[in-house]
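> Dropping in my_file17.cif, with mmCIF, C-alpha atoms and all ligand atoms.
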data_my_file
#
loop_
_atom_site.group_PDB
_atom_site.id
_atom_site.type_symbol
_atom_site.label_atom_id
_atom_site.label_comp_id
_atom_site.auth_asym_id
_atom_site.auth_seq_id
_atom_site.Cartn_x
_atom_site.Cartn_y
_atom_site.Cartn_z
ATOM 1 C CA MET W 13 82.417 208.565 101.537
ATOM 2 C CA LEU W 14 80.474 205.875 99.705
ATOM 3 C CA SER W 15 81.237 202.246 100.354
ATOM 4 C CA TRP W 16 81.186 199.567 97.658
ATOM 5 C CA THR W 17 81.715 195.893 98.407
ATOM 6 C CA VAL W 18 82.775 193.170 95.994
ATOM 7 C CA ARG W 19 81.532 189.755 97.051
ATOM 8 C CA ARG W 20 81.131 186.372 95.470
ATOM 9 C CA THR W 21 77.660 185.027 94.703
ATOM 10 C CA ARG W 22 78.870 181.450 94.240
ATOM 11 C CA LEU W 23 82.140 179.584 93.898
ATOM 12 C CA PRO W 24 84.028 180.400 90.693
ATOM 13 C CA LEU W 25 84.585 177.764 88.025
ATOM 14 C CA LEU W 26 88.091 176.504 87.321
ATOM 15 C CA SER W 27 89.893 176.962 84.021
ATOM 16 C CA LEU W 28 91.298 173.472 83.886
ATOM 17 C CA ARG W 29 91.688 171.343 80.786
ATOM 18 C CA CYS W 30 89.808 168.040 80.846
ATOM 19 C CA LEU W 31 91.937 165.035 79.885
ATOM 20 C CA ASP W 32 89.004 163.305 78.217
ATOM 21 C CA CYS W 33 87.017 165.901 76.298
ATOM 22 C CA ARG W 34 89.395 168.898 76.180
ATOM 23 C CA SER W 35 86.813 171.172 77.749
ATOM 24 C CA GLU W 36 88.527 173.879 79.790
ATOM 25 C CA SER W 37 86.011 174.357 82.536
ATOM 26 C CA ALA W 38 85.556 172.460 85.781
ATOM 27 C CA THR W 39 83.429 172.904 88.886
ATOM 28 C CA THR W 40 83.638 171.900 92.524
ATOM 29 C CA GLY W 41 79.868 171.345 92.487
ATOM 30 C CA GLU W 42 78.662 170.925 96.064
ATOM 31 C CA GLY W 43 82.260 170.541 97.175
ATOM 32 C CA ARG W 44 83.779 167.236 98.158
ATOM 33 C CA PHE W 45 87.144 166.239 99.632
ATOM 34 C CA ARG W 46 88.790 162.847 99.487
ATOM 35 C CA VAL W 47 90.860 162.040 102.530
ATOM 36 C CA ASN W 48 93.394 159.252 102.870
ATOM 37 C CA ALA W 49 95.051 158.887 106.252
ATOM 38 C CA ASN W 50 97.799 156.342 105.954
ATOM 39 C CA GLY W 51 99.293 155.848 109.390
ATOM 40 C CA LYS W 52 100.765 159.161 110.391
ATOM 41 C CA LEU W 53 100.573 160.719 106.945
ATOM 42 C CA LEU W 54 97.654 162.470 105.377
ATOM 43 C CA ASP W 55 96.628 162.988 101.758
ATOM 44 C CA VAL W 56 93.712 165.283 100.940
ATOM 45 C CA TRP W 57 92.270 166.125 97.545
ATOM 46 C CA LEU W 58 89.517 168.481 96.470
ATOM 47 C CA LEU W 59 87.366 166.809 93.828
ATOM 48 C CA VAL W 60 86.298 168.765 90.765
ATOM 49 C CA ARG W 61 84.414 167.656 87.682
ATOM 50 C CA CYS W 62 84.455 168.690 84.067
ATOM 51 C CA VAL W 63 81.361 170.752 83.230
ATOM 52 C CA SER W 64 81.037 168.999 79.839
ATOM 53 C CA CYS W 65 81.617 165.298 80.495
ATOM 54 C CA ASP W 66 81.568 165.020 84.313
ATOM 55 C CA ARG W 67 85.037 163.473 84.464
ATOM 56 C CA THR W 68 86.311 163.845 88.029
ATOM 57 C CA SER W 69 89.769 165.205 88.775
ATOM 58 C CA LYS W 70 91.588 165.406 92.076
ATOM 59 C CA LEU W 71 93.362 168.570 93.145
ATOM 60 C CA THR W 72 96.076 168.016 95.719
ATOM 61 C CA VAL W 73 95.445 169.890 98.976
ATOM 62 C CA HIS W 74 97.749 167.907 101.291
ATOM 63 C CA GLU W 75 100.322 165.384 100.162
ATOM 64 C CA ARG W 76 101.949 163.137 102.758
ATOM 65 C CA THR W 77 101.441 165.737 105.445
ATOM 66 C CA PRO W 78 102.055 164.594 109.049
ATOM 67 C CA VAL W 79 98.563 164.189 110.536
ATOM 68 C CA ARG W 80 99.711 165.795 113.780
ATOM 69 C CA SER W 81 100.541 169.035 111.966
ATOM 70 C CA VAL W 82 96.973 169.484 110.748
ATOM 71 C CA ASP W 83 94.524 171.349 112.971
ATOM 72 C CA PRO W 84 91.858 168.831 114.161
ATOM 73 C CA ALA W 85 89.006 171.225 113.253
ATOM 74 C CA ARG W 86 90.398 171.475 109.726
ATOM 75 C CA LEU W 87 90.754 167.703 109.506
ATOM 76 C CA ASP W 88 87.157 167.340 110.619
ATOM 77 C CA GLY W 89 86.155 169.855 107.908
ATOM 78 C CA PHE W 90 87.808 167.686 105.260
ATOM 79 C CA HIS W 91 85.888 164.634 106.474
ATOM 80 C CA THR W 92 82.525 166.436 106.557
ATOM 81 C CA ASN W 93 83.048 168.454 103.320
ATOM 82 C CA ASP W 94 82.535 171.684 105.230
ATOM 83 C CA PRO W 95 81.374 174.278 102.648
ATOM 84 C CA ASP W 96 83.453 177.070 104.220
ATOM 85 C CA LEU W 97 86.551 174.904 104.026
ATOM 86 C CA VAL W 98 85.749 173.996 100.403
ATOM 87 C CA ALA W 99 85.557 177.721 99.576
ATOM 88 C CA ALA W 100 88.694 178.627 101.526
ATOM 89 C CA THR W 101 90.607 175.768 99.885
ATOM 90 C CA LEU W 102 89.475 176.632 96.363
ATOM 91 C CA LEU W 103 90.251 180.339 96.795
ATOM 92 C CA ASP W 104 93.691 179.721 98.293
ATOM 93 C CA PRO W 105 96.149 180.833 95.567
ATOM 94 C CA LEU W 106 98.482 178.032 96.618
ATOM 95 C CA LEU W 107 96.002 175.397 95.389
ATOM 96 C CA ALA W 108 95.781 177.019 91.966
ATOM 97 C CA ARG W 109 99.536 177.276 91.686
ATOM 98 C CA ARG W 110 100.134 173.726 92.786
ATOM 99 C CA ASN W 111 97.468 172.224 90.523
ATOM 100 C CA ARG W 112 97.921 174.606 87.584
ATOM 101 C CA PHE W 113 94.489 176.086 87.122
ATOM 102 C CA ALA W 114 93.031 179.581 87.182
ATOM 103 C CA LEU W 115 89.760 180.672 88.727
ATOM 104 C CA ASP W 116 87.045 181.802 86.342
ATOM 105 C CA TRP W 117 85.066 184.519 88.137
ATOM 106 C CA ARG W 118 82.610 185.295 85.328
ATOM 107 C CA ASP W 119 79.090 185.730 86.745
ATOM 108 C CA ALA W 120 80.271 184.558 90.149
ATOM 109 C CA TRP W 121 80.360 187.903 91.967
ATOM 110 C CA ARG W 122 78.475 191.139 92.426
ATOM 111 C CA LEU W 123 79.059 194.685 93.578
ATOM 112 C CA ASP W 124 77.024 195.848 96.570
ATOM 113 C CA THR W 125 76.484 199.600 96.648
ATOM 114 C CA PRO W 126 74.331 201.926 98.710
ATOM 115 C CA PRO W 127 71.162 203.209 96.996
ATOM 116 C CA ALA W 128 71.792 206.207 94.707
ATOM 117 C CA ARG W 129 71.045 209.577 96.288
ATOM 118 C CA PRO W 130 69.638 212.464 94.263
ATOM 119 C CA ASP W 131 71.450 215.089 96.352
ATOM 120 C CA VAL W 132 74.923 213.901 95.487
ATOM 121 C CA THR W 133 77.612 216.573 95.685
ATOM 122 C CA TRP W 134 80.808 216.308 93.711
ATOM 123 C CA PRO W 135 83.484 215.230 94.118
ATOM 124 C CA VAL W 136 82.403 211.847 95.458
ATOM 125 C CA GLN W 137 84.797 209.615 97.318
ATOM 126 C CA VAL W 138 84.274 205.869 97.116
ATOM 127 C CA GLU W 139 85.897 203.123 99.127
ATOM 128 C CA VAL W 140 85.915 199.655 97.556
ATOM 129 C CA THR W 141 86.344 196.667 99.851
ATOM 130 C CA PHE W 142 86.570 192.981 98.984
ATOM 131 C CA ALA W 143 84.618 190.404 100.962
ATOM 132 C CA ASP W 144 86.154 187.765 98.652
ATOM 133 C CA PRO W 145 89.355 187.832 96.584
ATOM 134 C CA VAL W 146 87.676 188.508 93.229
ATOM 135 C CA PRO W 147 90.134 190.131 90.780
ATOM 136 C CA VAL W 148 88.469 193.181 89.208
ATOM 137 C CA ARG W 149 89.725 195.929 86.940
ATOM 138 C CA PRO W 150 88.937 199.206 88.723
ATOM 139 C CA ASP W 151 88.323 201.202 85.518
ATOM 140 C CA ARG W 152 85.752 198.689 84.283
ATOM 141 C CA LEU W 153 84.071 198.398 87.665
ATOM 142 C CA ILE W 154 83.765 202.170 87.984
ATOM 143 C CA ALA W 155 82.686 202.740 84.367
ATOM 144 C CA GLU W 156 80.037 200.061 84.591
ATOM 145 C CA HIS W 157 78.642 201.113 87.901
ATOM 146 C CA LEU W 158 78.632 204.865 87.348
ATOM 147 C CA GLY W 159 77.491 204.614 83.724
ATOM 148 C CA LEU W 160 80.633 206.334 82.449
ATOM 149 C CA THR W 161 82.749 205.568 79.410
ATOM 150 C CA ARG W 162 86.288 204.371 80.028
ATOM 151 C CA SER W 163 87.669 207.708 78.817
ATOM 152 C CA GLU W 164 85.374 209.568 81.222
ATOM 153 C CA VAL W 165 86.762 207.396 83.982
ATOM 154 C CA LEU W 166 90.295 208.380 82.982
ATOM 155 C CA HIS W 167 89.386 212.071 83.094
ATOM 156 C CA ARG W 168 87.179 212.196 86.143
ATOM 157 C CA VAL W 169 88.520 209.561 88.497
ATOM 158 C CA LYS W 170 91.534 210.021 90.736
ATOM 159 C CA SER W 171 92.981 207.108 92.630
ATOM 160 C CA ASP W 172 96.270 206.068 94.131
ATOM 161 C CA VAL W 173 96.011 202.635 92.496
ATOM 162 C CA SER W 174 96.477 201.807 88.837
ATOM 163 C CA LEU W 175 92.925 201.732 87.471
ATOM 164 C CA ARG W 176 93.803 199.310 84.678
ATOM 165 C CA ARG W 177 95.472 196.669 86.773
ATOM 166 C CA PRO W 178 93.220 193.924 88.183
ATOM 167 C CA THR W 179 93.177 193.914 91.962
ATOM 168 C CA SER W 180 91.436 192.151 94.806
ATOM 169 C CA THR W 181 92.781 194.505 97.431
ATOM 170 C CA GLY W 182 90.675 197.370 98.737
ATOM 171 C CA PHE W 183 91.186 200.838 97.289
ATOM 172 C CA THR W 184 89.586 204.274 97.235
ATOM 173 C CA PHE W 185 88.936 206.724 94.428
ATOM 174 C CA LEU W 186 87.537 210.183 93.915
ATOM 175 C CA VAL W 187 85.069 211.048 91.140
ATOM 176 C CA MET W 188 85.160 214.677 90.033
ATOM 177 C CA GLY W 189 81.965 216.384 88.886
ATOM 178 C CA GLU W 190 81.512 216.755 85.166
ATOM 179 C CA ALA W 191 81.684 220.565 85.491
ATOM 180 C CA ALA W 192 84.983 220.410 87.328
ATOM 181 C CA VAL W 193 86.514 218.526 84.421
ATOM 182 C CA HIS W 194 85.001 220.488 81.525
ATOM 183 C CA GLY W 195 84.597 223.887 83.175
HETATM 184 ZN ZN ZN N 201 85.492 166.612 80.032
#
What would you get if you wrote out this structure as structure tokens?
Ligand SMILES: [Zn+2]


Amino acid sequence: MLSWTVRRTRLPLLSLRCLDCRSESATTGEGRFRVNANGKLLDVWLLVRCVSCDRTSKLTVHERTPVRSVDPARLDGFHTNDPDLVAATLLDPLLARRNRFALDWRDAWRLDTPPARPDVTWPVQVEVTFADPVPVRPDRLIAEHLGLTRSEVLHRVKSDVSLRRPTSTGFTFLVMGEAAVHG
């Protein structure tokens, strides 16, 4: 069985409309939180800026959350702009839902595969795992990586997942040899 891994190469951009210039793309840049601890309540925002005009927007991470309910290590991460916490916060689907944006994964991920072997025997089974929750369409991923057309993928690839539906959950598929399909 071959193993393919989808992983991010950087943080994705955000599809988020700018209130000033109407651009629809924003970035976390280096990644910065703003923290406001007011007595026992905590507000935390993740700052993002418009890629066109640099206008800064605040995405709500915590809103009037009791300080005591927040893990101290996490709180420390907000104060120090911990890059892992920035990534985890941005990729948390709850943040996108709450702040009404979508992630734009274009050019922000890659597929790691083992080196091609000349002695490949068909059929080939491939397991795809996700190091990061990048939504990919299996048929496109397979077609692109194996140099097949989409219709060849439909004929030669068997999988228990829908190949046309974007997923960021691991799956496996089987590629039949060309002869097995046409012969
Ligand atoms: Zn703007």

> Starting from the displayed file, determine the output of the PyMOL selection byres (((chain W and resi 158) around 12) and not hetatm) and express the residue list as a ChimeraX atom specification.

/W:16,123,125,128,136,138,150-157,159-162,164-165,168-169,187

> Name each residue within 10 Å of ligand ZN 201 (chain N), counting all atoms listed in the file, as a ChimeraX atom specification.

/W:28-38,61-69

> What does the file look like for those residues with C-alpha atoms, as a short mmCIF file (atom, residue, chain, number, x, y, z; two decimals), in the frame of the given file?


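Saved result, out01.cif, follows:
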data_model
loop_
_atom_site.label_atom_id
_atom_site.label_comp_id
_atom_site.auth_asym_id
_atom_site.auth_seq_id
_atom_site.Cartn_x
_atom_site.Cartn_y
_atom_site.Cartn_z
CA LEU W 28 91.30 173.47 83.89
CA ARG W 29 91.69 171.34 80.79
CA CYS W 30 89.81 168.04 80.85
CA LEU W 31 91.94 165.04 79.89
CA ASP W 32 89.00 163.30 78.22
CA CYS W 33 87.02 165.90 76.30
CA ARG W 34 89.40 168.90 76.18
CA SER W 35 86.81 171.17 77.75
CA GLU W 36 88.53 173.88 79.79
CA SER W 37 86.01 174.36 82.54
CA ALA W 38 85.56 172.46 85.78
CA ARG W 61 84.41 167.66 87.68
CA CYS W 62 84.46 168.69 84.07
CA VAL W 63 81.36 170.75 83.23
CA SER W 64 81.04 169.00 79.84
CA CYS W 65 81.62 165.30 80.50
CA ASP W 66 81.57 165.02 84.31
CA ARG W 67 85.04 163.47 84.46
CA THR W 68 86.31 163.84 88.03
CA SER W 69 89.77 165.20 88.78
#

> For the structure provided, state which residues fall under the PyMOL selection byres (((chain W and resi 171) around 10) and not hetatm), and present them as a list in words.

Gln137, Val138, Pro150, Val169, Lys170, Asp172, Val173, Ser174, Leu175, Phe183, Thr184, Phe185, Leu186 and Val187 of chain W

> Just C-alpha atoms for this one: save the residues we selected as a CSV table (one decimal), keeping the file's coordinate frame.


chain,number,residue,atom,x,y,z
W,137,GLN,CA,84.8,209.6,97.3
W,138,VAL,CA,84.3,205.9,97.1
W,150,PRO,CA,88.9,199.2,88.7
W,169,VAL,CA,88.5,209.6,88.5
W,170,LYS,CA,91.5,210.0,90.7
W,172,ASP,CA,96.3,206.1,94.1
W,173,VAL,CA,96.0,202.6,92.5
W,174,SER,CA,96.5,201.8,88.8
W,175,LEU,CA,92.9,201.7,87.5
W,183,PHE,CA,91.2,200.8,97.3
W,184,THR,CA,89.6,204.3,97.2
W,185,PHE,CA,88.9,206.7,94.4
W,186,LEU,CA,87.5,210.2,93.9
W,187,VAL,CA,85.1,211.0,91.1

> Using all atoms listed in the file, pick whichever of W:Val140, W:Leu14, W:Leu115, W:Leu106 has the shortest atom-to-atom distance to Ser180 (chain W).

W:Val140

> For CA of Pro24 (chain W) and CA of Trp117 (chain W), determine how far apart the two atoms are, in Å to one decimal place.

5.0 Å

> Assuming 4 Å of padding per side, give the centre and edge lengths of the axis-aligned box around every listed atom of region 14-30 of chain W, in Å to one decimal and as lines of an AutoDock Vina configuration file.


center_x = 84.7
center_y = 187.0
center_z = 90.6
size_x = 22.0
size_y = 45.8
size_z = 27.6

> Would you compute the distance between CA of Thr101 (chain W) and CA of Thr77 (chain W)? Give it in Å to one decimal.

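Atom-to-atom, CA of Thr101 (chain W) and CA of Thr77 (chain W) are spaced 15.8 Å apart.
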
> Between CA of Pro126 (chain W) and CA of Thr179 (chain W), what distance in Å does the model show, to one decimal?

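CA of Thr179 (chain W) lies 21.6 Å from CA of Pro126 (chain W).
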
> Starting from the shown file, work through the PyMOL selection byres (((chain W and resi 40) around 7) and not hetatm) and note down what comes out as a ChimeraX atom specification.

/W:39,41-43,59-61

> Please provide the set of residues having any atom within 12 Å of His74 (chain W), restricted to all atoms listed in the file, with same-chain residues fewer than 3 positions apart removed, written as a PyMOL selection string.

chain W and resi 45-49+53-58+70-71+77-79+81-82+86-87+90+101+106-107+110-111

> Name all residues at most 9 Å from Arg22 (chain W) (count only C-alpha atoms; drop same-chain ones fewer than 6 positions away) and give them as a list in words.

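Contacts, in chain order: Asp119, Ala120 and Trp121 of chain W.
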
> Just checking: using all atoms listed in the file, which residue out of W:Asp144, W:Asp124, W:Asp131, W:Asp104 ends up closest to Thr17 (chain W)?

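Ranking W:Asp144, W:Asp124, W:Asp131, W:Asp104 by distance to Thr17 (chain W), first place goes to W:Asp124.
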
> Using only C-alpha atoms, which residue out of W:Arg44, W:His167, W:Arg76, W:Arg19 lies closest to Gly189 (chain W)?

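Smallest distance to Gly189 (chain W) is found for W:His167.
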
> When distances are computed from only C-alpha atoms, which of W:Thr72, W:Val146, W:Pro178, W:Glu190 shows the smallest separation from Arg112 (chain W)?

W:Thr72

> Starting from the incomplete input, reconstruct N, CA and C atoms of region 17-45 of chain W and write that as a PDB file, keeping the file's coordinate frame.


ATOM      1  N   THR W  17      81.144 197.176  97.995  1.00  0.00           N
ATOM      2  CA  THR W  17      81.715 195.893  98.407  1.00  0.00           C
ATOM      3  C   THR W  17      81.602 194.863  97.279  1.00  0.00           C
ATOM      4  N   VAL W  18      82.740 194.259  96.976  1.00  0.00           N
ATOM      5  CA  VAL W  18      82.775 193.170  95.994  1.00  0.00           C
ATOM      6  C   VAL W  18      82.638 191.855  96.764  1.00  0.00           C
ATOM      7  N   ARG W  19      81.653 191.045  96.375  1.00  0.00           N
ATOM      8  CA  ARG W  19      81.532 189.755  97.051  1.00  0.00           C
ATOM      9  C   ARG W  19      81.115 188.668  96.061  1.00  0.00           C
ATOM     10  N   ARG W  20      81.480 187.455  96.386  1.00  0.00           N
ATOM     11  CA  ARG W  20      81.131 186.372  95.470  1.00  0.00           C
ATOM     12  C   ARG W  20      79.679 185.975  95.667  1.00  0.00           C
ATOM     13  N   THR W  21      79.032 185.503  94.609  1.00  0.00           N
ATOM     14  CA  THR W  21      77.660 185.027  94.703  1.00  0.00           C
ATOM     15  C   THR W  21      77.633 183.499  94.681  1.00  0.00           C
ATOM     16  N   ARG W  22      78.720 182.907  94.223  1.00  0.00           N
ATOM     17  CA  ARG W  22      78.870 181.450  94.240  1.00  0.00           C
ATOM     18  C   ARG W  22      80.358 181.176  94.108  1.00  0.00           C
ATOM     19  N   LEU W  23      80.735 179.899  94.111  1.00  0.00           N
ATOM     20  CA  LEU W  23      82.140 179.584  93.898  1.00  0.00           C
ATOM     21  C   LEU W  23      82.467 179.756  92.416  1.00  0.00           C
ATOM     22  N   PRO W  24      83.653 180.267  92.103  1.00  0.00           N
ATOM     23  CA  PRO W  24      84.028 180.400  90.693  1.00  0.00           C
ATOM     24  C   PRO W  24      84.271 179.030  90.066  1.00  0.00           C
ATOM     25  N   LEU W  25      84.180 178.981  88.732  1.00  0.00           N
ATOM     26  CA  LEU W  25      84.585 177.764  88.025  1.00  0.00           C
ATOM     27  C   LEU W  25      86.109 177.742  87.948  1.00  0.00           C
ATOM     28  N   LEU W  26      86.645 176.628  87.480  1.00  0.00           N
ATOM     29  CA  LEU W  26      88.091 176.504  87.321  1.00  0.00           C
ATOM     30  C   LEU W  26      88.407 176.389  85.838  1.00  0.00           C
ATOM     31  N   SER W  27      89.398 177.141  85.381  1.00  0.00           N
ATOM     32  CA  SER W  27      89.893 176.962  84.021  1.00  0.00           C
ATOM     33  C   SER W  27      90.930 175.853  84.080  1.00  0.00           C
ATOM     34  N   LEU W  28      90.472 174.667  83.728  1.00  0.00           N
ATOM     35  CA  LEU W  28      91.298 173.472  83.886  1.00  0.00           C
ATOM     36  C   LEU W  28      90.954 172.527  82.741  1.00  0.00           C
ATOM     37  N   ARG W  29      91.963 172.149  81.974  1.00  0.00           N
ATOM     38  CA  ARG W  29      91.688 171.343  80.786  1.00  0.00           C
ATOM     39  C   ARG W  29      91.345 169.902  81.159  1.00  0.00           C
ATOM     40  N   CYS W  30      90.238 169.414  80.596  1.00  0.00           N
ATOM     41  CA  CYS W  30      89.808 168.040  80.846  1.00  0.00           C
ATOM     42  C   CYS W  30      90.652 167.083  79.999  1.00  0.00           C
ATOM     43  N   LEU W  31      91.079 165.988  80.605  1.00  0.00           N
ATOM     44  CA  LEU W  31      91.937 165.035  79.885  1.00  0.00           C
ATOM     45  C   LEU W  31      91.134 164.180  78.908  1.00  0.00           C
ATOM     46  N   ASP W  32      89.829 164.131  79.097  1.00  0.00           N
ATOM     47  CA  ASP W  32      89.004 163.305  78.217  1.00  0.00           C
ATOM     48  C   ASP W  32      88.429 164.100  77.053  1.00  0.00           C
ATOM     49  N   CYS W  33      87.774 165.230  77.351  1.00  0.00           N
ATOM     50  CA  CYS W  33      87.017 165.901  76.298  1.00  0.00           C
ATOM     51  C   CYS W  33      87.609 167.245  75.888  1.00  0.00           C
ATOM     52  N   ARG W  34      88.706 167.645  76.510  1.00  0.00           N
ATOM     53  CA  ARG W  34      89.395 168.898  76.180  1.00  0.00           C
ATOM     54  C   ARG W  34      88.618 170.147  76.541  1.00  0.00           C
ATOM     55  N   SER W  35      87.504 169.994  77.231  1.00  0.00           N
ATOM     56  CA  SER W  35      86.813 171.172  77.749  1.00  0.00           C
ATOM     57  C   SER W  35      87.782 171.868  78.709  1.00  0.00           C
ATOM     58  N   GLU W  36      87.602 173.177  78.905  1.00  0.00           N
ATOM     59  CA  GLU W  36      88.527 173.879  79.790  1.00  0.00           C
ATOM     60  C   GLU W  36      87.828 174.478  80.986  1.00  0.00           C
ATOM     61  N   SER W  37      86.754 173.823  81.410  1.00  0.00           N
ATOM     62  CA  SER W  37      86.011 174.357  82.536  1.00  0.00           C
ATOM     63  C   SER W  37      85.614 173.235  83.490  1.00  0.00           C
ATOM     64  N   ALA W  38      85.894 173.459  84.767  1.00  0.00           N
ATOM     65  CA  ALA W  38      85.556 172.460  85.781  1.00  0.00           C
ATOM     66  C   ALA W  38      84.880 173.149  86.955  1.00  0.00           C
ATOM     67  N   THR W  39      84.157 172.348  87.745  1.00  0.00           N
ATOM     68  CA  THR W  39      83.429 172.904  88.886  1.00  0.00           C
ATOM     69  C   THR W  39      83.650 172.044  90.125  1.00  0.00           C
ATOM     70  N   THR W  40      83.577 172.675  91.285  1.00  0.00           N
ATOM     71  CA  THR W  40      83.638 171.900  92.524  1.00  0.00           C
ATOM     72  C   THR W  40      82.260 171.338  92.872  1.00  0.00           C
ATOM     73  N   GLY W  41      81.225 171.789  92.161  1.00  0.00           N
ATOM     74  CA  GLY W  41      79.868 171.345  92.487  1.00  0.00           C
ATOM     75  C   GLY W  41      79.560 171.661  93.940  1.00  0.00           C
ATOM     76  N   GLU W  42      78.999 170.713  94.657  1.00  0.00           N
ATOM     77  CA  GLU W  42      78.662 170.925  96.064  1.00  0.00           C
ATOM     78  C   GLU W  42      79.913 171.029  96.929  1.00  0.00           C
ATOM     79  N   GLY W  43      81.005 170.471  96.426  1.00  0.00           N
ATOM     80  CA  GLY W  43      82.260 170.541  97.175  1.00  0.00           C
ATOM     81  C   GLY W  43      82.523 169.282  97.971  1.00  0.00           C
ATOM     82  N   ARG W  44      83.496 168.503  97.488  1.00  0.00           N
ATOM     83  CA  ARG W  44      83.779 167.236  98.158  1.00  0.00           C
ATOM     84  C   ARG W  44      85.295 167.029  98.264  1.00  0.00           C
ATOM     85  N   PHE W  45      85.738 166.597  99.437  1.00  0.00           N
ATOM     86  CA  PHE W  45      87.144 166.239  99.632  1.00  0.00           C
ATOM     87  C   PHE W  45      87.273 164.721  99.605  1.00  0.00           C
TER      88      PHE W  45
END
